[in-house]
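Peer 1: What follows is entry-v7.cif, mmCIF, C-alpha atoms and all ligand atoms.
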```cif
data_structure
#
loop_
_atom_site.label_atom_id
_atom_site.label_comp_id
_atom_site.auth_asym_id
_atom_site.auth_seq_id
_atom_site.Cartn_x
_atom_site.Cartn_y
_atom_site.Cartn_z
CA MET R 1 -46.37 44.30 8.88
CA SER R 2 -42.74 45.28 8.75
CA VAL R 3 -42.00 42.48 11.29
CA ILE R 4 -43.60 39.90 8.96
CA SER R 5 -41.63 41.10 5.98
CA ARG R 6 -38.48 41.04 8.07
CA ASN R 7 -39.25 37.45 9.05
CA GLU R 8 -39.95 36.60 5.45
CA ARG R 9 -36.71 38.15 4.40
CA ALA R 10 -34.86 36.18 7.08
CA ALA R 11 -36.54 32.94 5.96
CA ALA R 12 -35.68 33.66 2.34
CA ALA R 13 -32.06 34.38 3.28
CA ALA R 14 -31.87 31.15 5.27
CA GLY R 15 -33.32 29.22 2.30
CA THR R 16 -30.81 30.80 -0.05
CA GLY R 17 -27.96 30.07 2.35
CA ARG R 18 -29.01 26.45 2.65
CA ASP R 19 -29.26 26.10 -1.11
CA ILE R 20 -25.75 27.54 -1.49
CA VAL R 21 -24.32 25.15 1.11
CA ALA R 22 -26.11 22.20 -0.54
CA PHE R 23 -24.27 23.08 -3.73
CA ALA R 24 -20.93 23.75 -2.02
CA VAL R 25 -20.80 20.23 -0.58
CA ARG R 26 -20.44 18.94 -4.16
CA ALA R 27 -16.90 20.35 -4.26
CA PRO R 28 -13.98 17.99 -4.78
CA SER R 29 -11.93 17.19 -1.67
CA ILE R 30 -8.90 15.13 -0.78
CA HIS R 31 -10.08 11.48 -0.49
CA ASN R 32 -13.61 12.88 -0.53
CA THR R 33 -13.12 13.83 3.13
CA GLN R 34 -15.35 16.92 2.77
CA PRO R 35 -13.46 18.70 5.57
CA TRP R 36 -15.75 21.70 5.85
CA LEU R 37 -18.45 23.11 8.09
CA TRP R 38 -20.74 26.04 7.33
CA ARG R 39 -22.77 28.49 9.35
CA VAL R 40 -25.62 30.41 7.72
CA ASP R 41 -26.27 33.63 9.58
CA GLY R 42 -28.77 35.74 7.68
CA THR R 43 -27.00 37.04 4.62
CA ARG R 44 -23.62 35.82 5.87
CA LEU R 45 -22.15 32.38 5.18
CA GLU R 46 -19.20 31.27 7.27
CA LEU R 47 -16.87 28.50 6.19
CA TYR R 48 -14.90 26.53 8.80
CA ALA R 49 -12.30 23.76 8.60
CA ASP R 50 -13.60 20.49 10.01
CA ARG R 51 -10.36 19.27 11.64
CA ARG R 52 -11.98 15.93 12.56
CA ARG R 53 -11.72 15.13 8.85
CA GLN R 54 -8.14 16.24 8.31
CA LEU R 55 -5.63 13.55 7.27
CA PRO R 56 -2.98 13.66 10.01
CA VAL R 57 -0.51 11.45 8.12
CA ALA R 58 -0.85 12.64 4.52
CA ASP R 59 -1.80 16.22 5.34
CA PRO R 60 -0.47 17.22 8.77
CA GLU R 61 -0.32 20.93 7.91
CA GLY R 62 -3.87 21.00 6.57
CA ARG R 63 -2.78 22.11 3.10
CA HIS R 64 -5.09 19.77 1.22
CA LEU R 65 -7.83 20.34 3.74
CA ALA R 66 -7.69 24.07 2.98
CA ILE R 67 -7.46 23.48 -0.79
CA SER R 68 -10.61 21.36 -0.52
CA CYS R 69 -12.31 24.14 1.47
CA GLY R 70 -11.21 26.66 -1.17
CA ALA R 71 -12.96 24.50 -3.74
CA ALA R 72 -16.11 24.51 -1.59
CA LEU R 73 -15.83 28.30 -1.26
CA GLN R 74 -15.69 28.67 -5.03
CA HIS R 75 -18.76 26.42 -5.42
CA ALA R 76 -20.61 28.59 -2.90
CA VAL R 77 -19.72 31.84 -4.66
CA VAL R 78 -20.68 30.57 -8.10
CA ARG R 79 -23.99 29.22 -6.80
CA ALA R 80 -24.75 32.47 -4.99
CA ARG R 81 -24.08 34.50 -8.12
CA ALA R 82 -26.26 32.17 -10.17
CA LEU R 83 -29.06 32.75 -7.65
CA GLY R 84 -28.78 36.51 -8.09
CA GLN R 85 -26.56 37.36 -5.13
CA THR R 86 -23.55 39.58 -5.26
CA CYS R 87 -20.77 38.20 -3.04
CA GLU R 88 -18.04 39.76 -1.00
CA VAL R 89 -15.58 37.20 0.35
CA THR R 90 -13.26 37.72 3.30
CA GLN R 91 -10.69 35.01 3.71
CA LEU R 92 -9.45 34.16 7.22
CA PRO R 93 -11.57 36.90 8.81
CA SER R 94 -10.80 36.05 12.41
CA PRO R 95 -7.16 36.19 13.63
CA ARG R 96 -8.26 34.42 16.81
CA ASP R 97 -9.87 31.50 14.98
CA PRO R 98 -7.66 30.08 12.20
CA ASP R 99 -10.31 27.45 11.46
CA HIS R 100 -12.69 30.19 10.33
CA LEU R 101 -11.51 30.09 6.73
CA ALA R 102 -13.85 32.52 5.03
CA THR R 103 -17.01 34.58 5.29
CA VAL R 104 -19.19 35.21 2.26
CA HIS R 105 -21.43 38.30 2.52
CA LEU R 106 -24.45 38.16 0.24
CA TYR R 107 -26.11 41.25 -1.26
CA PRO R 108 -29.13 41.24 -3.55
CA GLY R 109 -28.20 41.44 -7.22
CA ARG R 110 -29.26 39.87 -10.50
CA PRO R 111 -28.81 36.22 -11.55
CA ASP R 112 -25.55 35.93 -13.45
CA GLN R 113 -25.86 33.86 -16.64
CA ASP R 114 -22.15 32.93 -16.71
CA ALA R 115 -22.41 31.73 -13.13
CA ARG R 116 -25.45 29.64 -14.07
CA ALA R 117 -23.50 27.99 -16.86
CA GLU R 118 -20.60 27.39 -14.49
CA CYS R 119 -22.96 25.83 -11.94
CA GLU R 120 -24.11 23.37 -14.57
CA LEU R 121 -20.52 22.38 -15.24
CA LEU R 122 -19.72 22.09 -11.53
CA ALA R 123 -22.78 19.90 -11.01
CA ARG R 124 -21.54 17.52 -13.74
CA ARG R 125 -17.90 17.63 -12.60
CA ARG R 126 -16.37 14.31 -11.53
CA THR R 127 -12.87 13.06 -10.81
CA ASP R 128 -12.79 10.55 -13.63
CA ARG R 129 -9.79 8.29 -13.11
CA ARG R 130 -10.52 6.04 -16.04
CA ARG R 131 -7.60 5.79 -18.41
CA PHE R 132 -7.46 8.73 -20.81
CA THR R 133 -7.30 8.06 -24.52
CA ALA R 134 -3.85 8.32 -26.09
CA TRP R 135 -4.85 11.34 -28.21
CA PRO R 136 -2.17 13.90 -27.58
CA LEU R 137 -3.25 17.12 -25.98
CA PRO R 138 -2.19 20.16 -28.03
CA GLU R 139 -0.11 22.44 -25.82
CA ASP R 140 -2.01 25.52 -26.90
CA ARG R 141 -5.18 24.01 -25.37
CA LEU R 142 -3.49 23.93 -21.99
CA ASP R 143 -2.06 27.39 -22.44
CA GLU R 144 -5.46 28.78 -23.37
CA LEU R 145 -6.84 27.15 -20.26
CA THR R 146 -4.18 28.39 -17.85
CA SER R 147 -4.23 31.91 -19.25
CA SER R 148 -8.04 32.14 -19.12
CA VAL R 149 -8.22 32.04 -15.32
CA GLU R 150 -6.61 34.36 -12.82
CA VAL R 151 -6.62 34.04 -9.07
CA PRO R 152 -4.34 36.49 -7.22
CA GLY R 153 -1.20 34.95 -5.75
CA THR R 154 -1.54 31.71 -7.73
CA THR R 155 -0.16 30.45 -11.03
CA ALA R 156 -1.11 27.48 -13.19
CA LEU R 157 1.97 26.23 -15.04
CA THR R 158 1.78 23.94 -18.04
CA LEU R 159 4.57 21.39 -18.08
CA ARG R 160 5.66 21.23 -21.70
CA GLU R 161 9.21 20.04 -22.04
CA ALA R 162 9.32 16.22 -22.46
CA ALA R 163 12.27 15.70 -20.12
CA ARG R 164 10.67 17.80 -17.38
CA ARG R 165 7.41 15.87 -17.71
CA VAL R 166 9.26 12.56 -17.31
CA ARG R 167 11.09 13.89 -14.25
CA VAL R 168 7.84 15.09 -12.68
CA GLY R 169 6.26 11.68 -13.43
CA LEU R 170 9.16 10.06 -11.59
CA LEU R 171 8.67 12.40 -8.63
CA VAL R 172 5.04 11.31 -8.46
CA SER R 173 6.17 7.69 -8.48
CA ARG R 174 8.69 8.40 -5.73
CA ALA R 175 5.98 10.03 -3.61
CA LEU R 176 3.64 7.07 -4.15
CA LEU R 177 6.38 4.67 -3.13
CA ALA R 178 7.25 6.68 -0.04
CA GLU R 179 3.63 6.70 1.04
CA SER R 180 2.98 3.06 0.23
CA SER R 181 5.89 1.99 2.42
CA ASP R 182 4.44 3.85 5.41
CA PRO R 183 1.84 1.68 7.18
CA ARG R 184 0.32 4.75 8.88
CA TYR R 185 -0.41 6.20 5.49
CA GLY R 186 -1.94 2.90 4.32
CA ALA R 187 -4.20 2.77 7.36
CA GLU R 188 -5.34 6.36 6.83
CA GLN R 189 -6.04 5.74 3.17
CA ALA R 190 -7.96 2.53 3.93
CA ARG R 191 -10.30 4.52 6.15
CA TRP R 192 -11.24 6.75 3.23
CA THR R 193 -11.56 4.02 0.63
CA GLU R 194 -13.98 1.86 2.57
CA PRO R 195 -17.39 1.97 0.98
CA THR R 196 -19.57 4.59 2.65
CA VAL R 197 -22.60 6.42 1.39
CA ASP R 198 -21.45 9.89 2.25
CA GLY R 199 -17.68 10.02 2.05
CA GLY R 200 -14.48 8.44 0.83
CA VAL R 201 -13.70 7.25 -2.68
CA PRO R 202 -16.07 4.42 -3.69
CA GLU R 203 -14.77 1.37 -5.53
CA THR R 204 -16.65 2.36 -8.68
CA HIS R 205 -14.54 5.51 -8.87
CA ARG R 206 -11.15 3.95 -8.33
CA PRO R 207 -9.04 3.37 -11.39
CA THR R 208 -9.29 0.12 -13.27
CA PRO R 209 -6.04 -1.78 -12.90
CA HIS R 210 -3.64 -1.38 -15.76
CA PRO R 211 -4.06 -4.42 -18.06
CA ARG R 212 -0.35 -5.15 -18.11
CA LEU R 213 1.00 -3.68 -14.94
CA GLY R 214 -1.89 -4.41 -12.65
CA VAL R 215 -2.04 -1.12 -10.72
CA SER R 216 -2.54 2.48 -11.60
CA SER R 217 -2.93 4.92 -8.75
CA ARG R 218 -2.87 5.71 -5.06
CA TYR R 219 -6.12 3.86 -4.55
CA ASP R 220 -4.47 0.53 -5.37
CA ASP R 221 -1.66 -1.15 -3.53
CA PRO R 222 1.23 0.16 -5.56
CA ALA R 223 3.96 -2.20 -6.71
CA ALA R 224 7.29 -0.44 -6.95
CA GLU R 225 8.22 -1.56 -10.41
CA SER R 226 4.99 -0.56 -12.11
CA LEU R 227 4.68 2.86 -10.54
CA GLU R 228 7.60 4.33 -12.36
CA ARG R 229 5.93 3.83 -15.67
CA ASP R 230 2.39 4.27 -14.64
CA ALA R 231 1.82 7.29 -12.39
CA VAL R 232 1.71 9.76 -15.28
CA GLN R 233 1.21 8.76 -18.89
CA GLY R 234 3.30 10.26 -21.69
CA THR R 235 0.27 11.81 -23.39
CA ASP R 236 -1.22 13.35 -20.21
CA GLY R 237 -1.47 17.10 -20.05
CA LEU R 238 0.21 18.26 -16.84
CA ILE R 239 -0.48 21.47 -14.95
CA VAL R 240 1.01 22.45 -11.59
CA ILE R 241 -0.72 25.00 -9.41
CA THR R 242 1.81 27.09 -7.51
CA THR R 243 1.45 29.99 -5.10
CA GLU R 244 3.64 32.93 -4.14
CA GLN R 245 3.42 32.18 -0.42
CA ASP R 246 2.68 28.91 1.36
CA GLY R 247 0.00 29.41 3.97
CA PRO R 248 -3.73 28.82 4.51
CA ARG R 249 -4.71 31.82 2.38
CA ASP R 250 -2.68 30.45 -0.55
CA TRP R 251 -4.17 26.99 -0.07
CA LEU R 252 -7.69 28.41 -0.17
CA ARG R 253 -6.84 30.28 -3.35
CA THR R 254 -5.47 27.06 -4.84
CA GLY R 255 -8.88 25.45 -4.30
CA VAL R 256 -10.57 28.38 -6.02
CA LEU R 257 -8.20 28.12 -8.97
CA LEU R 258 -8.62 24.34 -9.10
CA CYS R 259 -12.37 24.71 -9.67
CA ARG R 260 -11.94 27.44 -12.24
CA LEU R 261 -9.44 25.36 -14.18
CA TRP R 262 -11.70 22.32 -13.87
CA THR R 263 -14.72 24.01 -15.43
CA GLY R 264 -12.48 25.58 -18.08
CA ALA R 265 -11.13 22.13 -18.91
CA MET R 266 -14.65 20.67 -19.06
CA SER R 267 -15.69 23.38 -21.51
CA ALA R 268 -12.76 22.27 -23.69
CA GLY R 269 -13.92 18.63 -23.41
CA LEU R 270 -11.09 17.66 -21.07
CA SER R 271 -11.08 15.49 -17.99
CA VAL R 272 -9.07 16.46 -14.86
CA VAL R 273 -7.53 14.31 -12.12
CA PRO R 274 -5.73 16.04 -9.23
CA LEU R 275 -2.59 14.29 -7.97
CA SER R 276 -1.61 15.33 -4.48
CA GLN R 277 1.05 12.78 -3.43
CA VAL R 278 4.02 14.64 -4.92
CA VAL R 279 3.10 17.63 -2.74
CA GLU R 280 2.24 15.56 0.34
CA VAL R 281 5.76 14.12 0.68
CA ALA R 282 8.13 16.92 1.80
CA GLU R 283 11.09 15.60 -0.16
CA THR R 284 9.26 15.34 -3.50
CA ARG R 285 7.51 18.67 -2.88
CA SER R 286 10.85 20.47 -2.63
CA ALA R 287 12.23 18.50 -5.60
CA LEU R 288 9.18 19.61 -7.60
CA ALA R 289 9.73 23.24 -6.57
CA GLU R 290 13.33 22.96 -7.74
CA GLU R 291 12.23 21.32 -10.96
CA LEU R 292 9.96 24.28 -11.67
CA SER R 293 12.46 26.99 -10.78
CA PRO R 294 15.08 26.74 -13.54
CA ALA R 295 14.84 29.14 -16.46
CA GLY R 296 11.77 28.48 -18.56
CA VAL R 297 9.35 28.33 -15.66
CA ALA R 298 10.13 31.60 -13.95
CA ALA R 299 9.18 32.51 -10.39
CA ALA R 300 7.42 29.23 -9.86
CA GLY R 301 6.81 29.58 -6.11
CA HIS R 302 5.34 26.82 -3.95
CA PRO R 303 3.79 23.82 -5.70
CA GLN R 304 0.35 22.99 -4.27
CA LEU R 305 -1.28 20.49 -6.62
CA LEU R 306 -0.48 18.64 -9.81
CA LEU R 307 -3.26 18.05 -12.32
CA ARG R 308 -3.42 15.43 -15.06
CA LEU R 309 -5.61 16.35 -18.00
CA GLY R 310 -6.70 14.30 -20.96
CA TRP R 311 -9.54 13.14 -23.14
CA GLN R 312 -11.99 10.51 -22.01
CA GLU R 313 -13.38 8.24 -24.71
CA ILE R 314 -16.48 9.86 -26.18
CA SER R 315 -18.58 6.72 -25.78
CA ARG R 316 -17.84 6.35 -22.05
CA ASN R 317 -20.76 6.54 -19.67
CA PRO R 318 -20.74 9.53 -17.35
CA LEU R 319 -19.71 8.57 -13.81
CA PRO R 320 -22.34 8.77 -11.08
CA PRO R 321 -21.66 11.36 -8.38
CA THR R 322 -19.69 10.27 -5.32
CA GLY R 323 -21.47 10.48 -1.95
CA ARG R 324 -21.54 13.57 0.22
CA ARG R 325 -22.53 14.42 3.76
CA GLY R 326 -25.99 15.92 3.97
CA VAL R 327 -26.43 19.65 4.44
CA ASP R 328 -27.57 19.21 8.04
CA GLU R 329 -24.35 17.39 8.86
CA VAL R 330 -22.18 20.30 7.71
CA LEU R 331 -24.32 23.15 9.08
CA LEU R 332 -23.29 24.61 12.41
CA PRO R 333 -26.05 25.99 14.64
C1 LIG R 401 -6.80 18.77 -2.75
C2 LIG R 401 -7.27 17.55 -3.52
C3 LIG R 401 -6.40 16.49 -3.73
C4 LIG R 401 -6.81 15.37 -4.44
N1 LIG R 401 -5.90 14.35 -4.70
C5 LIG R 401 -6.27 13.31 -5.48
C6 LIG R 401 -5.32 12.30 -5.84
O1 LIG R 401 -4.14 12.37 -5.46
N2 LIG R 401 -5.73 11.28 -6.64
C7 LIG R 401 -7.02 11.20 -7.09
O2 LIG R 401 -7.33 10.27 -7.81
N3 LIG R 401 -7.95 12.13 -6.73
C8 LIG R 401 -7.59 13.18 -5.97
N4 LIG R 401 -8.52 14.15 -5.65
C9 LIG R 401 -9.90 14.03 -6.09
C10 LIG R 401 -10.80 13.52 -4.94
O3 LIG R 401 -10.49 12.17 -4.63
C11 LIG R 401 -12.27 13.69 -5.35
O4 LIG R 401 -12.54 15.06 -5.44
C12 LIG R 401 -13.24 13.08 -4.35
O5 LIG R 401 -13.08 11.68 -4.29
C13 LIG R 401 -14.70 13.39 -4.72
O6 LIG R 401 -15.03 12.91 -6.00
P1 LIG R 401 -15.49 13.89 -7.17
O7 LIG R 401 -14.37 14.84 -7.45
O8 LIG R 401 -15.77 12.97 -8.33
O9 LIG R 401 -16.71 14.61 -6.72
C14 LIG R 401 -8.14 15.29 -4.93
C15 LIG R 401 -9.01 16.37 -4.72
C16 LIG R 401 -8.59 17.49 -4.03
C17 LIG R 401 -9.53 18.64 -3.82
#
```
Can the structure in the file be given as structure tokens, please?

Peer 2:
Amino acid sequence: MSVISRNERAAAAAGTGRDIVAFAVRAPSIHNTQPWLWRVDGTRLELYADRRRQLPVADPEGRHLAISCGAALQHAVVRARALGQTCEVTQLPSPRDPDHLATVHLYPGRPDQDARAECELLARRRTDRRRFTAWPLPEDRLDELTSSVEVPGTTALTLREAARRVRVGLLVSRALLAESSDPRYGAEQARWTEPTVDGGVPETHRPTPHPRLGVSSRYDDPAAESLERDAVQGTDGLIVITTEQDGPRDWLRTGVLLCRLWTGAMSAGLSVVPLSQVVEVAETRSALAEELSPAGVAAAGHPQLLLRLGWQEISRNPLPPTGRRGVDEVLLP
């Protein structure tokens, strides 16, 4: 009798684990690479980096891979809490295996209503690259957003001052130009923008070309002249996520913060688009760090990801979800 109930408990735990992983794969990831693998072991979920899906040219250190995995980790935790599990997360639990990024221990608890609401937002979340409306974003909206979420070791900085915003926009343009003149980068990007059912950025989700300038983002072939004016719009809200240190643990935390900011922004009716190029190129990354350090943005630390925020037109159709690998493809035996 006790053996049956133990088996039942094991089956229930496996079902819960699978459900959590099925939700975690909906996380945003660089180029929709989905660079994660999971192992469900009873009431323990293990998250691993899938190095086969790392971008060796744009992301040789694995920074954006780990940020993407941090986003998946946050999805898993929120889903688990919504299902009535209490979670204890250990990041980088195995010194001998740096690809083992986190373990989530599940304990029985009660379904958390806030987590349920957050799951609903995460399920609707999309990277919507359609042009934002020109309605200016009140600064206090961004401040409310950045001060409402706290993840240890990370900071979300609102870029307010007009001159600083222009300079950061130019850094983004410089990064785009640097990448577009590197054929290795182009080849890598092409791989992830080919139409596939379960990965990459589909054509439907790439930005519509600017009516006057013709291009608008990394997913088009950028023309030098247009980029300067186009990478970041004057009315965009801009947030930079920075961290105190600059290692895998900080990158994971950035992914956690990214998701928390994203759902916060959605609750305020805002759309979010991450911009990673300025951090991918070493020269613009250090220029961005310098830009953030002068008085006014104290103790800025290491920039990890820039976010553009703005309003989508109310009448716009919601975007369909982008493809994902199936649960069986990301589950380790
Ligand atoms: C670390 C990271 C970096 C990203 N960088 C960019 C970017 O530079 N430009 C962009 O348009 N989208 C960027 N994205 C968004 C992904 O392309 C997007 O999450 C992915 O295509 C899946 O689509 P979805 O977010 O709509 O589910 C990034 C996402 C993450 C997690």

Peer 1: Residues near range 86-97 of chain R, anyone? I mean within 8 Å using all atoms listed in the file, not counting same-chain ones fewer than 6 positions away, as a PyMOL selection string.

Peer 2: chain R and resi 77+80+103-110+249

Peer 1: Go ahead and compute the interatomic distance for CA of Leu177 in chain R and CA of Glu280 in chain R, in Å to one decimal.

Peer 2: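 Going from CA of Leu177 in chain R over to CA of Glu280 in chain R covers 12.2 Å.
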
Peer 1: Just checking: using all atoms listed in the file, which residue out of R:Arg52, R:Ala71, R:Gln85, R:Leu65 ends up closest to Ala13 in chain R?

Peer 2: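 Smallest distance to Ala13 in chain R is found for R:Gln85.
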
Peer 1: Could you give me the residues within 6 Å of ligand LIG 401 (chain R), counting all atoms listed in the file, as a list in words?

Peer 2: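 Taking all atoms listed in the file into account, the residues around ligand LIG 401 (chain R) at most 6 Å away are Pro28, Ser29, Ile30, His31, Asn32, His64, Ile67, Ser68, Arg126, Thr127, Val201, Val273, Pro274, Leu275, Ser276, Gln277 and Thr322 of chain R.
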
Peer 1: What does the distance from CA of Ala265 in chain R to CA of Gly199 in chain R come to in Å, to one decimal?

Peer 2: 25.1 Å
